[in-house]
Amino acid sequence: MMSFWKRFSYNRGAVIGLVILTFVIAAAILAPILFPQSPWKMVQRPFLPPFTQDGLLLGTDALGRDVMAGLAHGAYVSLLVGLVSTIVALAIGVPVGAAAGYFAGRIDDALMRFTEFFQTIPSFALAIVLLAIFQPSLTFVIIAISIVSWPPVARLVRGEVLSLRTREFVEAASLSGLGNLQIITRHILPNALPPIIVLASLMVAQAILLESSLSFLGLGDPNIMSWGYMIGAARTVIRTAWWLSFLPGMAILLTVLALNLIGEGLNDALNPRLTRKSE
Amino acid sequence: MIRFILGRLVKAVFILLAILVFNFLLIHAAPGDPAAVMAGEAGAADEKFLADLRARFGLDQPLYMQLWIYIKGAVQLDLGYSFRQQMPVAEMIGDRLPATLLLTGVAFVLSLVLGVTAGVAASARQGRWGDTIISTFALLFYATPLFWVALMATLVFSVWLEWLPGFGYSTIGAGYTGLAHVLDVAKHLILPASTLGLFFTAIYMRMTRASMLEVSRLDFVKTARAKGLNRGVIQRRHILRNALLPVITLAGLQAGQIFGGAILTETVFAWPGIGRLMFEAINQRDYNVILGVFYISAAMVLLFNLITDVIYVIVDPRIRLTT
Amino acid sequence: QDGEPKSGGTLNVVIQPEPPSLMIGLVQNGPTQMVGGDIYESLLRYDFDLQPEGQLAESWEISEDGKTYTFKLREGVVFHDGEPFTSEDVEFSMDKFLRESHSRMRTYMEHVESIETPDDHTVVFNLKQPFGPFIGIFEPGTAPMIPKHIYEGTDYANNEANNTPIGTGPFKFDKWEKGSFIHLVKNEDYYMEGKPYVDEVYYHVIPDAASRAVAYETGKVDVLPGGSVENFDVARIQAMENTCITDKGWEYFGPLSWMWVNNDNKPLDDVKVRKAIMHGVDRQFAKDALWNGLGKVSTGPLSSSTRFYDGDTPDISYDPEKAKDLLEESSYDGETIRILGLPYGETWQRWAEAVKQNLSEIGMKSEIVPSDVAGWNQKVADRDFDLAFTYLYQYGDPALGVSRTYMGDNAAPGSPWNNVANYQNPETDKLFAEAALMASPEERKAAYKEIQDAIVEDVPNIWLLELGFPTIYRCDVKNPVNTAFGVNDGFRDVWLDK
Amino acid sequence: MTLLSIRDLSIALPMGADRLYAAKDINFDLAPGEILCIVGESGSGKSMSANAVMGLLPQGVLPDKGSITFDGQSILGLSEKEMLKLRGSRISMIFQEPLSALNPLMRIGAQIAEVFEAHGALTGAERRARALKLLEEVGIPDPEAAIRAYPFQLSGGQRQRVMIAMALALEPDILIADEPTTALDVTTQAQILKLIEDLRRKRGMAVIFITHDFGVVADIADRVIVMKKGEIVEAGPAQEVLLKPQHPYTRALIDAIPRLTKTEAAAEVERTPLLKVEGLQKTFSTGSGTLFGKRRVVKAVQDVNFELFAGETIGIVGESGSGKSTVGRCLVRLLDPDGGRVLMDGVDIAEMSGPELRAQRRKLQMIFQDPFSSLNPRARVSRILTEGLVAYGTPDKEAKAKARELLELVGLDESAMKRFPHEFSGGQRQRIGIARALALVPSIIIADEAVSALDVSIQAQVLDLLAELKTRLHLSMLFITHDLRVAARICDRIIVMQKGQIVEAGPVSKVLHDPDTAYTRSLLDAIPGQDYERALAAAD
Ligand SMILES: Nc1ncnc2c1ncn2[C@@H]1O[C@H](COP(=O)(O)OP(=O)(O)OP(=O)(O)O)[C@@H](O)[C@H]1O
Ligand SMILES: Nc1ncnc2c1ncn2[C@@H]1O[C@H](COP(=O)(O)OP(=O)(O)OP(=O)(O)O)[C@@H](O)[C@H]1O
Ligand SMILES: [Mg+2]
Ligand SMILES: [Mg+2]
C-alpha cells in the first residue's frame with residue numbers, strides 16, 4: 001500500500017488531478033455552508049458579467065441567480081451523477097463482461113445477447129424514453145444513465161478477458177487450485193485494468209454531460225442545481241452571455257481532466273513495469 | 001468460422017424479435033400517444049378528433065393486438081406507416097439513411113484514424129510535452145458539451161470567417177448536380193462530421209495510449225528493437241497491433257451506434273438524418289417510426305457486434321469463439 | 001412609403017418544427033398553417049383590428065337578425081390544378097370536409113342550419129341562431145377552401161393528394177425534402193394582378209434555435225417568424241444591420257399564457273391560496289427577463305387584442321406582501337405544489353423556475369415536474385398536476401377561444417384544451433352561453449365585462465402574460481406581416497426591395 | 001584485433017533488487033570469429049551484461065560506469081538511432097525466454113522477414129524465401145506451415161529456433177546467444193551449434209554464448225568467463241577453465257555437472273499405478289480452411305500409453321515439437337485431449353469438471369516450460385506462491401512462511417517475495433515456478449524443462465530437493481527434458497517421443513545405455529561434451 005502511494009505520487013499529473021478533485025469535492029461538501037442561500041434565488045439583475053459586482057464574483061445568470069453559488073451546489077449533484085452512475089455501470093458491466101469472456105461458449109453467448117438487448121437502442125434515445133416513462137428525479141436520472149452506460153463496459157471487459165484467459169499465467173493459476181472467481185478477480189481483471197480505467201474515467205464525463213443534455217431537453221431533474229443544468233440552461237444565451245456556459249463547462253472540464261489524470265496515475269501505479277523515473 | 005457466423009445470424013433474428021417486443025412495450029409505457037401530441041399541436045381538439053385519430057392509427061385496439069400486428073409486419077420487413085407523416089416508415093428511413101451514414105461514417109473514420117494516431121503519438125512521447133498537449137486537447141473535445149463545440153465551430157467558421165456553411169445538407173435551391181453537388185455536400189459535412197468525430201477521437205486516443213503503454217513494456221518489444229527496427233515500425237506493427245483489442249471493442253460499439261449516435265449533432269447542424277428523425281419521433285410518440293429506427297439500429301448493433309467478434313479472432317488468434 | 005413593389009426573388013423563411021403535413025384542413029398545428037397559408041385561402045382575411053377584408057369572397061352581407069350570411073365569390077379563381085373554384089367547393093369544405101376533420105370548425109358549424117349555393121359564385125349560410133363570432137372564422141387556418149373535385153367521396157385522411165396540396169393560394173407546392181426544406185413556387189395563374197411578387201419561397205427546417213439565429217445572421221434565411229429564436233437572442237439579432245422586427249400579426253390568435261390551477265386539489269381549491277399565488281408571481285420580471293420585454297402583463301382571462309376585452313378587472317398585480325397575508329389566512333398547510341412546466345424550450349423552463357422561486361418567497365413549497373411534449377399533454381389531460389403552464393390562442397373572440405376554458409360543462413378530463421382547471425361557476429357558464437348567441441356587439445360587450453369581473457375574482461387560473469412573438473425579418477423584405485395572422489396568412493403581398 | 005571490448009562495466013539495479021549491481025566491473029574482449037562462453041550462477045548478471053551490449057537494458061536498470069566499445073565506437077554513447085543500424089545487422093541477440101520474446105499476434109514468417117526489412121535488405125518475395133530457408137536451417141519441420149503459424153502454436157523449442165533464425169538472418173558480426181538451446185533436444189541443439197560454427201568459419205562471426213550446459217561449452221568455446229553475483233570470478237581459454245579451474249566457485253560448478261555414466265539401478269518402487277494414460281490423442285488444427293488461409297493440422301500426440309507409479313519419476317525426452325509439452329498439458333487438463341483416457345485413482349480426469357477437477361488438481365501440479373509467461377505480471381512473488389495454499393484453506397500467515405521456506409529451498413532470497421516477475425533473471429523465474437508447483441505438496445508433478453535455465457550447481461540443488469521429496473512424500477514425477485544427463489540423474493524410467501508417438505520406453509539404464517531404436521541412439525550420440533566428460537572422468 002505504501003509503495004502504491006509512493007508510485008502514485010511520483011506521477012505529477014496524478015497529484016494535480018487529486019488536488020483538483022479534492023477541491024471539487026470540498027466545494028460540493030461545503031456549498032451549503034459557503035452559500036447558505038438557495039442557488040435558485042434570484043439575487044440580482046440577470047446577465048451580470050463576472051467580476052463586475054462585489055459578492056457576485058462570477059456574475060448572474062438569465063434569472064439573476066448567483067453563478068458561483070450554482071457552481072458550488074452543482075458540484076455535488078454533478079459528482080454524484082458522474083461517479084455513482086459510473087460505479088453502477090462498472091458494477092454491472094465488469095462482472096457481466098468478465099463472466100462472458102472467461103467462461104466463453106454458451107455463457108458468453110447468453111450474457112452478450114443480454115447485453116445486446118440494452119445496447120441496441122441508441123443510448124441517448126433509451127435514456128430519453130426511460131425518463132419519459134419514469135419521473136425524472138435525480139435517482140432516475142442516475143439509474144437511466146447507468147442503464148445506458150454499462151453495455152460498453154461489459155463488451156470492453158469481455159474482449160480483454162477473452163484474450164487474457166488463454167494466457168499461460170491464467171492456466172497456471174487454475175492449476176494452483178484457484179476458483180474461477182479468484183482467477184478472474186486476481187489474475188485476469190488486474191491485467192485488463194488499463195482500458196477499464198480509461199473507460200471509467202471517460203464515463204464520468206459522459207455521465208455529467210448526458211445529464212446536461214437530458215436537462216437541456218427538459219428531462220433532467222429541474223429541482224436540482226447541477227453543472228449539466230447550468231450548461232444546458234446557458235446554451236440559448238451562449239451568444240450574449242458566454243460565461244454562463246463557459247464557467248460550468250470549465251468546471252466539468254477540470255473535473256474530467258482531474259479524473260483522467262488520476263486514472264492515468266492509477267494505471268501507472270498499478271503497473272509494476274513502470275519503475276520510477278528518478279534514479 | 002462460417003458456422004459461427006451463421007449461428008450468430010440465426011440467433012440474431014430471434015434476438016431482434018425479442019428486442020422488438022421489448023421496444024414496443026417500452027415506448028408504449030411512456031405517457032402520451034401520437035394522437036394526443038397531434039391534438040396538442042393543433043392547440044384545440046375535441047373528443048371526436050382524438051378518437052378519430054386513434055382509430056385511424058389503430059391505437060384503439062388492445063395493446064397485444066397492436067403488438068401482434070406490428071410484429072407480423074416486422075417479420076415481413078414491413079415497418080408500417082408513420083402516424084404523423086402518413087408515409088411508410090421504411091421509406092422515411094430510406095430517405096434519411098444516406099445523410100446519417102455519410103455523417104456518422106465520416107465521423108467514425110475520422111475519429112478512429114485521428115484518435116489512434118494521436119494515441120500512438122502520445123504514448124511515444126509519454127510523460128513529455130507532446131503527450132500532455134495531445135492528451136489535454138483530446139480531453140478538451142471530449143469534456144466540452146457537443147453543442148458548445150458545435151456552436152463555436154459554426155460561429156468561427158461560418159459566421160465570422162464565412163468559410164463553411166453552418167448547417168444543412170446542401171445548398172438549398174442551388175440545384176447543383178454531379179461533382180458540384182458532391183463538393184457542396186462535402187462542404188456542408190465538414191463541421192458536423194468533425195464535431196462528432198472529435199468527440200470520439202478522445203476516446204480512441206486515450207484508449208490507444210493506455211493500451212500502447214501497457215504493451216510497450218512487454219518483452220517482444222525488446223526483440224523488435226533488437227532487430228533494429230525503428231521506433232515507428234515498432235510502434236505501429238508490434239505495439240499497436242497488440243494494443244488494438246480495446247480500441248476495436250470501442251470502434252465496434254461506435255459503429256453499432258452509427259444511427260443513434262448523432263442526435264445532437266444532427267439537431268444542431270440541421271442535418272436531415274435518422275438521429276433527428278428518431279428524436280422527433282420519440283417526442284411525437286410516432287410509434288412506428290421509433291420502432292422502425294430502433295429495429296434497424298438493433299440490426300446494426302447485432303451486425304457490428306458480430307463483426308467485432310470476428311475481428312477479435314483475426315487480430316488475436318489466441319481468442320477462440322464458440323457458439 | 002415603401003415605394004413601388006418589385007417582382008421576383010426568393011424568400012427564405014424558417015419553419016419550426018417541421019410540419020407533419022401541409023394539408024391544412026387535416027392538420028391544424030402552427031407550421032402547417034404557416035406553409036398551408038400560402039397554398040390555401042379562405043373567404044376572408046382580417047386586418048390588425050380583426051376587421052374582415054375580402055379574399056376569395058368579393059363581398060358579404062349579414063342579415064339584420066344575424067342569422068343569414070351571404071358571400072359573393074370572386075370570379076375567375078382557379079385551383080393550382082386549373083380547376084375553377086366555385087361555391088360548390090365552399091359548401092364541400094365547410095359542410096363536409098372540415099366538419100369531419102377540423103375539431104374547432106366542428107363546434108362552429110354546430111350553429112349552421114344549412115348552406116345554400118344559389119349559383120357558382122354565391123354562398124349562403126343559414127344559422128340556427130345568431131352567432132356573433134361567425135364572421136371571424138373565415139381565415140385559412142380555420143376555414144380553408146378545399147378542392148371538392150379532389151376530395152369528394154374519398155377517405156380524406158389517406159388521400160394521396162395530401163402530399164401534393166392543391167389550393168387557390170398565391171404559391172404552389174413544389175417540393176418537400178423531409179428534414180431539410182419545403183419549396184413553394186409562385187402561382188402564375190393567381191387571380192390578383194401582379195401578385196404574388198416573389199418567385200419562390202423556401203421554408204427551411206432548422207431544428208435548433210441557435211442554428212436558426214445563425215441562419216439568419218449568415219443570410220441563409222430572411223424571415224424568422226415568432227418563436228423561431230429564443231427570446232434571449234432577440235435583442236442581439238434585432239440590433240443587426242438591416243433588421244426589422246414587428247410583434248404585429250398575432251392579433252387574431254392573441255396568445256395568452258397562464259398556469260392551469262387544479263381547482264379540485266387541496267389546497268388549491270381555496271380561493272385565497274389561488275389569490276396568494278396570483279399576487280405572488282412576479283410577471284413583470286418574467287416579461288422583462290424572459291420575454292425580452294415583449295408582450296403584456298395579463299389582467300384576466302381575455303387577451304387585450306380580443307374583442308370585448310375589459311381592462312378594468314379586479315387587481316391581480318404582483319404584491320408579495322399581500323400574497324403572504326393571503327396565504328397566512330388560507331388553508332395552505334405547507335403542502336408541496338407540483339408545477340408542470342411547458343416543454344417548449346428554455347424560456348418556459350426558466351419561467352417555471354422563476355415561479356417556483358417566487359412561490360418559495362411567499363412561503364409556498366413547490367417542485368417542478370419535467371416532461372416532454374407528449375407527457376405534458378397526457379398529464380394536463382389527466383389533471384395530473386397542481387399548476388401547469390400553458391398558453392392558448394383566443395381566435396379573436398371570447399366565444400371562440402376563451403369560453404372553452406371556463407365553461408363548467410367543458411371540463412371532462414381527457415383533453416388538454418378544455419376547462420382543465422375544472423372551474424365551475426354556473427353564473428359565468430350561463431353568461432358565456434348567452435353572450436355567444438347575442439346579435440348585438442354592445443350587449444355582448446356588457447356580458448363579457450360581467451364574465452371577466454367574475455372570473456378574475458375567482459382566480460381559477462393564474463394568468464401570466466399576453467405573449468409577444470416578434471417576427472424578425474430583413475428590412476428589404478416588405479410586407480411580411482400585414483394581417484392579424486401575420487406570416488400565417490401567406491406571402492401574397494411580400495416583395496423584395498433588392 | 002578486438003571487435004568488442006568491455007571495460008569496467010557496472011550495471012546498477014533499481015532499489016529493492018537482490019543487490020546493488022546486476023554486474024560489476026566487467027571486463028572482457030571479443031575478437032572476430034571467437035566464441036566466448038559465459039557460464040555462472042543463475043542471477044549472476046549474464047543476461048544483463050549481454051543486454052547492455054545491445055543497449056536494451058530494462059527500464060530502471062542502467063549502466064553505471066565503464067565502457068563498451070564495438071568496432072571502435074562507444075556503444076553506451078550512441079544515440080538510439082545509431083544503435084538501430086547496429087542491432088540486428090551487426091550485433092544480434094537471441095533472448096532467453098522465447099515465448100514472451102515473440103510477438104504473439106504476428107505470424108512467424110513476418111517476424112523473420114522483418115529483420116531484413118529493418119535494414120532494407122531484399123525484396124518482399126526474397127524475404128519470404130529467406131525466412132523459409134532460415135526455418136529450414138534451424139531444423140523446424142514443415143517450414144511452409146510454420147511460417148504461417150503464430151508463436152503460441154509452436155512448441156517451446158520451435159519458438160526458440162525461430163528466435164535463432166531471426167538472430168542469424170543477417171549474418172551479424174557478433175551473435176549474443178542467451179541460453180539459446182534450453183528448449184532444444186540434443187540433436188537439434190547439435191544442428192544449431194553447427195550452424196553457428198559454420199557462420200563463424202564463413203563470416204568470422206563472433207559469438208557470446210551464455211549457457212549452463214558445460215557439455216556445450218566444452219564443445220564450442222574458445223574462451224570462458226565464469227560469473228558469480230555480478231562479478232567475473234574467472235576467465236580464460238576454455239581448456240584451462242574447464243579442466244584446470246582456479247576459482248573455488250568454478251570448481252564447485254564443474255563438480256556439479258551431472259554425468260551420464262552415473263546411473264544407478266532403479267530404486268525399488270511400489271507397483272501401484274497412480275496415473276494411467278491410455279490412447280491419448282491430441283490434434284491441433286488452425287484456420288478454418290475456408291476463410292483464413294490454409295488449414296494447418298498437427299497431430300501433436302498420437303496414441304500415447306503409459307503408467308506412472310507412485311514414487312516414480314518418468315523422463316520424457318525426444319525431439320523438439322514431438323508433443324512432450326502437449327502430453328503434460330493434457331494430463332493436467334489445460335488441454336482437452338481428443339481421445340484416450342487419463343485415469344487417476346481409476347477416474348478419468350478428462351471427464352472431470354468443476355470442484356471435482358479442482359480437488360484433483362491439488363494432487364497434480366505442473367512446472368511450465370516458459371516460466372515468464374506463466375507468471376502473472378501484476379502479481380508479486382509472495383502472492384504467486386501463497387495463493388494456491390490459501391485457496392485450499394491454509395491461513396495466510398502459514399502460507400507466507402511456507403513460501404519463504406520454498407524460496408530458500410530453490411535458492412532464492414527472501415527479498416524476492418516483494419518483487420514482480422519481470423524483476424528476476426530467467427533462472428530465478430524458473431525457480432519461482434518450481435516453488436509454486438511444490439507449494440501445494442502434490443502427489444504428481446509434471447515438470448516441463450524445469451531445470452533447463454539453471455546453472456549446474458543450483459540444478460543439482462533442485463534435483464536433490466526433488467529427489468528428497470520423492471522419497472519423503474512419495475512424489476511421482478513426469479520429467480520432460482532434453483538434457484539426457486539430467487534425465488539419467490533423476491529418472492527411473494524414460495519415454496522417448498518422436499512426432500507425437502512413443503518410440504521407446506524403458507528403465508533409464510536400458511534406454512540410455514542400450515537403446516533399441518536408432519532414434520534414441522542418435523540422441524545419445526548427439527549429447528554435447530562427451531569428450532569433456534571423458535576427460536573429467538579421467539581426471540577424477
Ligand atoms: N528489472 C529488474 N529489476 C530488478 N532486478 C532485476 C531486474 N532484472 C534483473 N534483475 C536482477 O538482476 C540480477 C541479474 O540478472 P540476469 O538476468 O542478468 O541474470 P542471469 O545471469 O542472466 O541469470 P539466469 O541464468 O538465471 O538467466 C538478478 O539478481 C535479478 O534478480
Ligand atoms: N496451440 C497450438 N496450436 C497449434 N499447434 C500447436 C499448439 N501447441 C502446440 N502445437 C504443435 O504441436 C506440436 C507439439 O508441441 P509440443 O509443445 O507438445 O512440443 P514439445 O515436445 O514440448 O517440444 P519442445 O521440446 O520444443 O518444447 C508442435 O509441432 C507444435 O507446433
Ligand atoms: Mg539470464
Ligand atoms: Mg515443450
# chains A, B, ... in the order shown; residues from 1 in each chain; ligands from 1
$ closest_atom_pairs --of "chain D" --to "ligand 1" --cutoff "6 Å" --atoms "only C-alpha atoms and all ligand atoms" --output "JSON lines"
{"residue": "D:Leu13", "atom": "CA", "partner": "ligand 1", "partner_atom_place_in_ligand_line": "4 (C)", "distance": 5.5}
{"residue": "D:Pro14", "atom": "CA", "partner": "ligand 1", "partner_atom_place_in_ligand_line": "4 (C)", "distance": 5.6}
{"residue": "D:Ala17", "atom": "CA", "partner": "ligand 1", "partner_atom_place_in_ligand_line": "5 (N)", "distance": 4.6}
{"residue": "D:Asp18", "atom": "CA", "partner": "ligand 1", "partner_atom_place_in_ligand_line": "29 (O)", "distance": 5.2}
{"residue": "D:Ala22", "atom": "CA", "partner": "ligand 1", "partner_atom_place_in_ligand_line": "13 (C)", "distance": 4.5}
{"residue": "D:Ser42", "atom": "CA", "partner": "ligand 1", "partner_atom_place_in_ligand_line": "26 (O)", "distance": 3.5}
{"residue": "D:Gly43", "atom": "CA", "partner": "ligand 1", "partner_atom_place_in_ligand_line": "23 (O)", "distance": 3.3}
{"residue": "D:Ser44", "atom": "CA", "partner": "ligand 1", "partner_atom_place_in_ligand_line": "21 (O)", "distance": 3.9}
{"residue": "D:Gly45", "atom": "CA", "partner": "ligand 1", "partner_atom_place_in_ligand_line": "18 (O)", "distance": 3.0}
{"residue": "D:Lys46", "atom": "CA", "partner": "ligand 1", "partner_atom_place_in_ligand_line": "21 (O)", "distance": 3.6}
{"residue": "D:Ser47", "atom": "CA", "partner": "ligand 1", "partner_atom_place_in_ligand_line": "22 (O)", "distance": 3.6}
{"residue": "D:Met48", "atom": "CA", "partner": "ligand 1", "partner_atom_place_in_ligand_line": "18 (O)", "distance": 3.7}
{"residue": "D:Pro58", "atom": "CA", "partner": "ligand 1", "partner_atom_place_in_ligand_line": "1 (N)", "distance": 5.8}
{"residue": "D:His422", "atom": "CA", "partner": "ligand 1", "partner_atom_place_in_ligand_line": "1 (N)", "distance": 5.7}
{"residue": "D:Glu423", "atom": "CA", "partner": "ligand 1", "partner_atom_place_in_ligand_line": "2 (C)", "distance": 3.5}
{"residue": "D:Phe424", "atom": "CA", "partner": "ligand 1", "partner_atom_place_in_ligand_line": "31 (O)", "distance": 3.9}
{"residue": "D:Ser425", "atom": "CA", "partner": "ligand 1", "partner_atom_place_in_ligand_line": "17 (O)", "distance": 3.5}
{"residue": "D:Gly426", "atom": "CA", "partner": "ligand 1", "partner_atom_place_in_ligand_line": "27 (O)", "distance": 3.8}
{"residue": "D:Gly427", "atom": "CA", "partner": "ligand 1", "partner_atom_place_in_ligand_line": "26 (O)", "distance": 3.1}
{"residue": "D:Gln428", "atom": "CA", "partner": "ligand 1", "partner_atom_place_in_ligand_line": "26 (O)", "distance": 5.1}
$ interface_residues --of "chain A" --to "chain B" --cutoff "8 Å" --atoms "only C-alpha atoms" --output "count of residues only"
44
$ closest_atom_pairs --of "chain B" --to "chain C" --cutoff "8 Å" --atoms "only C-alpha atoms" --output "CSV"
residue,atom,partner,partner_atom,distance
B:Ala30,CA,C:Gly375,CA,7.6
B:Pro31,CA,C:Gly375,CA,5.1
B:Gly32,CA,C:Ala374,CA,4.7
B:Asp33,CA,C:Ala374,CA,6.6
B:Pro34,CA,C:Ala374,CA,7.7
B:Ala36,CA,C:Asn377,CA,6.4
B:Val37,CA,C:Ala374,CA,5.4
B:Met38,CA,C:Asn29,CA,7.6
B:Gly40,CA,C:Asn377,CA,6.4
B:Glu41,CA,C:Asn29,CA,4.9
B:Ala42,CA,C:Asn29,CA,4.1
B:Gly43,CA,C:Leu392,CA,6.8
B:Ala44,CA,C:Trp417,CA,5.5
B:Ala45,CA,C:Ser103,CA,5.5
B:Asp46,CA,C:Ser103,CA,5.8
B:Glu47,CA,C:Ser415,CA,7.4
B:Lys48,CA,C:Ser103,CA,7.6
B:Phe49,CA,C:Ser103,CA,5.9
B:Arg84,CA,C:Pro20,CA,5.6
B:Gln85,CA,C:Pro20,CA,5.2
B:Gln86,CA,C:Asn158,CA,7.6
B:Leu151,CA,C:Ala210,CA,7.7
B:Thr154,CA,C:Val214,CA,8.0
B:Leu155,CA,C:Val214,CA,7.8
B:Ser158,CA,C:Thr218,CA,7.5
B:Val159,CA,C:Thr218,CA,6.0
B:Gly166,CA,C:Val214,CA,7.5
B:Phe167,CA,C:Ser211,CA,7.2
B:Gly168,CA,C:Ser180,CA,6.9
B:Tyr169,CA,C:Ser180,CA,7.5
B:Ile172,CA,C:Phe181,CA,7.7
B:Thr267,CA,C:Pro207,CA,5.6
B:Val268,CA,C:Asp208,CA,5.2
B:Phe269,CA,C:Ser211,CA,7.0
B:Ala270,CA,C:Ile206,CA,5.0
B:Trp271,CA,C:Gly179,CA,7.5
B:Pro272,CA,C:Gly179,CA,4.6
B:Gly273,CA,C:Gly179,CA,7.5
B:Leu277,CA,C:Gly179,CA,8.0
B:Asn283,CA,C:Val373,CA,6.3
B:Gln284,CA,C:Ala374,CA,6.5
B:Arg285,CA,C:Ala374,CA,7.0
$ atom_distance --atom1 "atom CA of D:Glu504" --atom2 "atom CA of D:Asp516"
7.3 Å
$ closest_atom_pairs --of "chain D" --to "chain B" --cutoff "7 Å" --atoms "only C-alpha atoms" --output "Markdown table"
| residue | atom | partner | partner_atom | distance |
| --- | --- | --- | --- | --- |
| D:Leu56 | CA | B:Lys222 | CA | 6.9 |
| D:Leu84 | CA | B:Gly228 | CA | 4.5 |
| D:Lys85 | CA | B:Gly228 | CA | 6.2 |
| D:Leu86 | CA | B:Gly228 | CA | 7.0 |
| D:Arg87 | CA | B:Gly228 | CA | 4.5 |
| D:Gly88 | CA | B:Lys227 | CA | 4.1 |
| D:Ser92 | CA | B:Ala226 | CA | 6.6 |
| D:Met93 | CA | B:Ala226 | CA | 6.8 |
| D:Ser100 | CA | B:Asp219 | CA | 5.7 |
| D:Ala101 | CA | B:Phe220 | CA | 4.1 |
| D:Leu102 | CA | B:Phe220 | CA | 5.0 |
| D:Asn103 | CA | B:Phe220 | CA | 5.3 |
| D:Leu105 | CA | B:Asp316 | CA | 5.8 |
| D:Val115 | CA | B:Lys227 | CA | 5.5 |
| D:Ala118 | CA | B:Leu229 | CA | 4.8 |
| D:Ser288 | CA | B:Met1 | CA | 6.3 |
$ write_last_selection --atoms "all heavy atoms" --output "compact mmCIF listing (two decimals), in the first residue's frame"
# COMPACT_ATOMS: atom_id res chain seq x y z
N LEU D 56 19.88 -2.62 -24.61
CA LEU D 56 18.48 -2.97 -24.37
C LEU D 56 18.22 -3.36 -22.93
O LEU D 56 17.55 -4.34 -22.66
CB LEU D 56 18.06 -4.12 -25.29
CG LEU D 56 17.95 -3.79 -26.77
CD1 LEU D 56 17.62 -5.04 -27.56
CD2 LEU D 56 16.89 -2.74 -27.00
N LEU D 84 20.21 1.59 -33.86
CA LEU D 84 19.34 0.82 -34.74
C LEU D 84 20.10 0.17 -35.87
O LEU D 84 19.82 -0.94 -36.28
CB LEU D 84 18.26 1.74 -35.34
CG LEU D 84 17.15 2.20 -34.41
CD1 LEU D 84 16.14 3.03 -35.16
CD2 LEU D 84 16.48 0.99 -33.80
N LYS D 85 21.10 0.90 -36.36
CA LYS D 85 21.85 0.38 -37.50
C LYS D 85 22.66 -0.84 -37.12
O LYS D 85 22.88 -1.74 -37.93
CB LYS D 85 22.79 1.47 -38.04
CG LYS D 85 22.03 2.60 -38.69
CD LYS D 85 22.91 3.32 -39.69
CE LYS D 85 22.37 4.71 -39.97
NZ LYS D 85 22.77 5.71 -38.95
N LEU D 86 23.11 -0.84 -35.87
CA LEU D 86 23.90 -1.98 -35.43
C LEU D 86 23.04 -3.19 -35.12
O LEU D 86 23.35 -4.31 -35.49
CB LEU D 86 24.69 -1.61 -34.17
CG LEU D 86 25.67 -0.45 -34.30
CD1 LEU D 86 26.44 -0.29 -32.99
CD2 LEU D 86 26.65 -0.71 -35.44
N ARG D 87 21.95 -2.91 -34.42
CA ARG D 87 21.12 -4.00 -33.93
C ARG D 87 20.55 -4.83 -35.07
O ARG D 87 20.02 -4.29 -36.03
CB ARG D 87 19.96 -3.47 -33.10
CG ARG D 87 20.36 -3.00 -31.75
CD ARG D 87 19.12 -2.79 -30.91
NE ARG D 87 19.39 -1.84 -29.85
CZ ARG D 87 18.67 -0.77 -29.62
NH1 ARG D 87 17.61 -0.51 -30.33
NH2 ARG D 87 19.00 0.04 -28.63
N GLY D 88 20.64 -6.10 -34.93
CA GLY D 88 20.03 -6.98 -35.92
C GLY D 88 20.93 -7.26 -37.09
O GLY D 88 20.96 -8.35 -37.64
N SER D 92 23.54 -9.14 -33.10
CA SER D 92 22.17 -9.59 -32.88
C SER D 92 22.13 -10.50 -31.67
O SER D 92 23.16 -10.98 -31.22
CB SER D 92 21.60 -10.28 -34.11
OG SER D 92 22.32 -11.44 -34.36
N MET D 93 20.92 -10.70 -31.20
CA MET D 93 20.81 -11.39 -29.91
C MET D 93 19.65 -12.36 -29.90
O MET D 93 18.60 -12.11 -30.48
CB MET D 93 20.62 -10.34 -28.81
CG MET D 93 20.45 -10.95 -27.44
SD MET D 93 20.92 -9.81 -26.13
CE MET D 93 20.53 -10.77 -24.70
N SER D 100 7.79 -15.26 -24.61
CA SER D 100 7.45 -13.85 -24.44
C SER D 100 8.26 -12.97 -25.37
O SER D 100 7.94 -11.80 -25.54
CB SER D 100 7.62 -13.44 -22.99
OG SER D 100 8.63 -14.21 -22.37
N ALA D 101 9.30 -13.51 -25.97
CA ALA D 101 10.13 -12.69 -26.83
C ALA D 101 9.59 -12.60 -28.26
O ALA D 101 10.12 -11.87 -29.07
CB ALA D 101 11.56 -13.21 -26.85
N LEU D 102 8.56 -13.39 -28.54
CA LEU D 102 7.98 -13.29 -29.89
C LEU D 102 6.65 -12.55 -29.79
O LEU D 102 5.90 -12.71 -28.83
CB LEU D 102 7.75 -14.69 -30.47
CG LEU D 102 9.01 -15.46 -30.83
CD1 LEU D 102 8.65 -16.87 -31.27
CD2 LEU D 102 9.78 -14.76 -31.94
N ASN D 103 6.38 -11.75 -30.81
CA ASN D 103 5.12 -11.02 -30.85
C ASN D 103 3.98 -12.02 -31.02
O ASN D 103 3.90 -12.72 -32.02
CB ASN D 103 5.15 -10.04 -32.02
CG ASN D 103 3.90 -9.18 -32.07
OD1 ASN D 103 2.88 -9.53 -31.51
ND2 ASN D 103 4.00 -8.06 -32.75
N LEU D 105 0.97 -11.84 -31.78
CA LEU D 105 -0.07 -11.65 -32.79
C LEU D 105 0.48 -11.58 -34.21
O LEU D 105 -0.21 -11.20 -35.13
CB LEU D 105 -0.86 -10.37 -32.50
CG LEU D 105 -1.49 -10.28 -31.11
CD1 LEU D 105 -2.34 -9.04 -30.99
CD2 LEU D 105 -2.32 -11.51 -30.82
N VAL D 115 13.30 -8.63 -40.04
CA VAL D 115 14.71 -8.32 -39.81
C VAL D 115 15.32 -7.74 -41.07
O VAL D 115 16.06 -6.75 -41.04
CB VAL D 115 15.48 -9.59 -39.39
CG1 VAL D 115 16.92 -9.25 -39.06
CG2 VAL D 115 14.80 -10.24 -38.19
N ALA D 118 13.99 -4.26 -41.71
CA ALA D 118 14.53 -3.22 -40.85
C ALA D 118 15.81 -2.64 -41.42
O ALA D 118 16.13 -1.48 -41.21
CB ALA D 118 14.78 -3.79 -39.45
N SER D 288 -9.77 -22.14 -40.51
CA SER D 288 -10.94 -22.93 -40.84
C SER D 288 -10.79 -23.60 -42.20
O SER D 288 -11.54 -24.47 -42.56
CB SER D 288 -12.16 -22.03 -40.87
OG SER D 288 -12.00 -21.10 -41.91
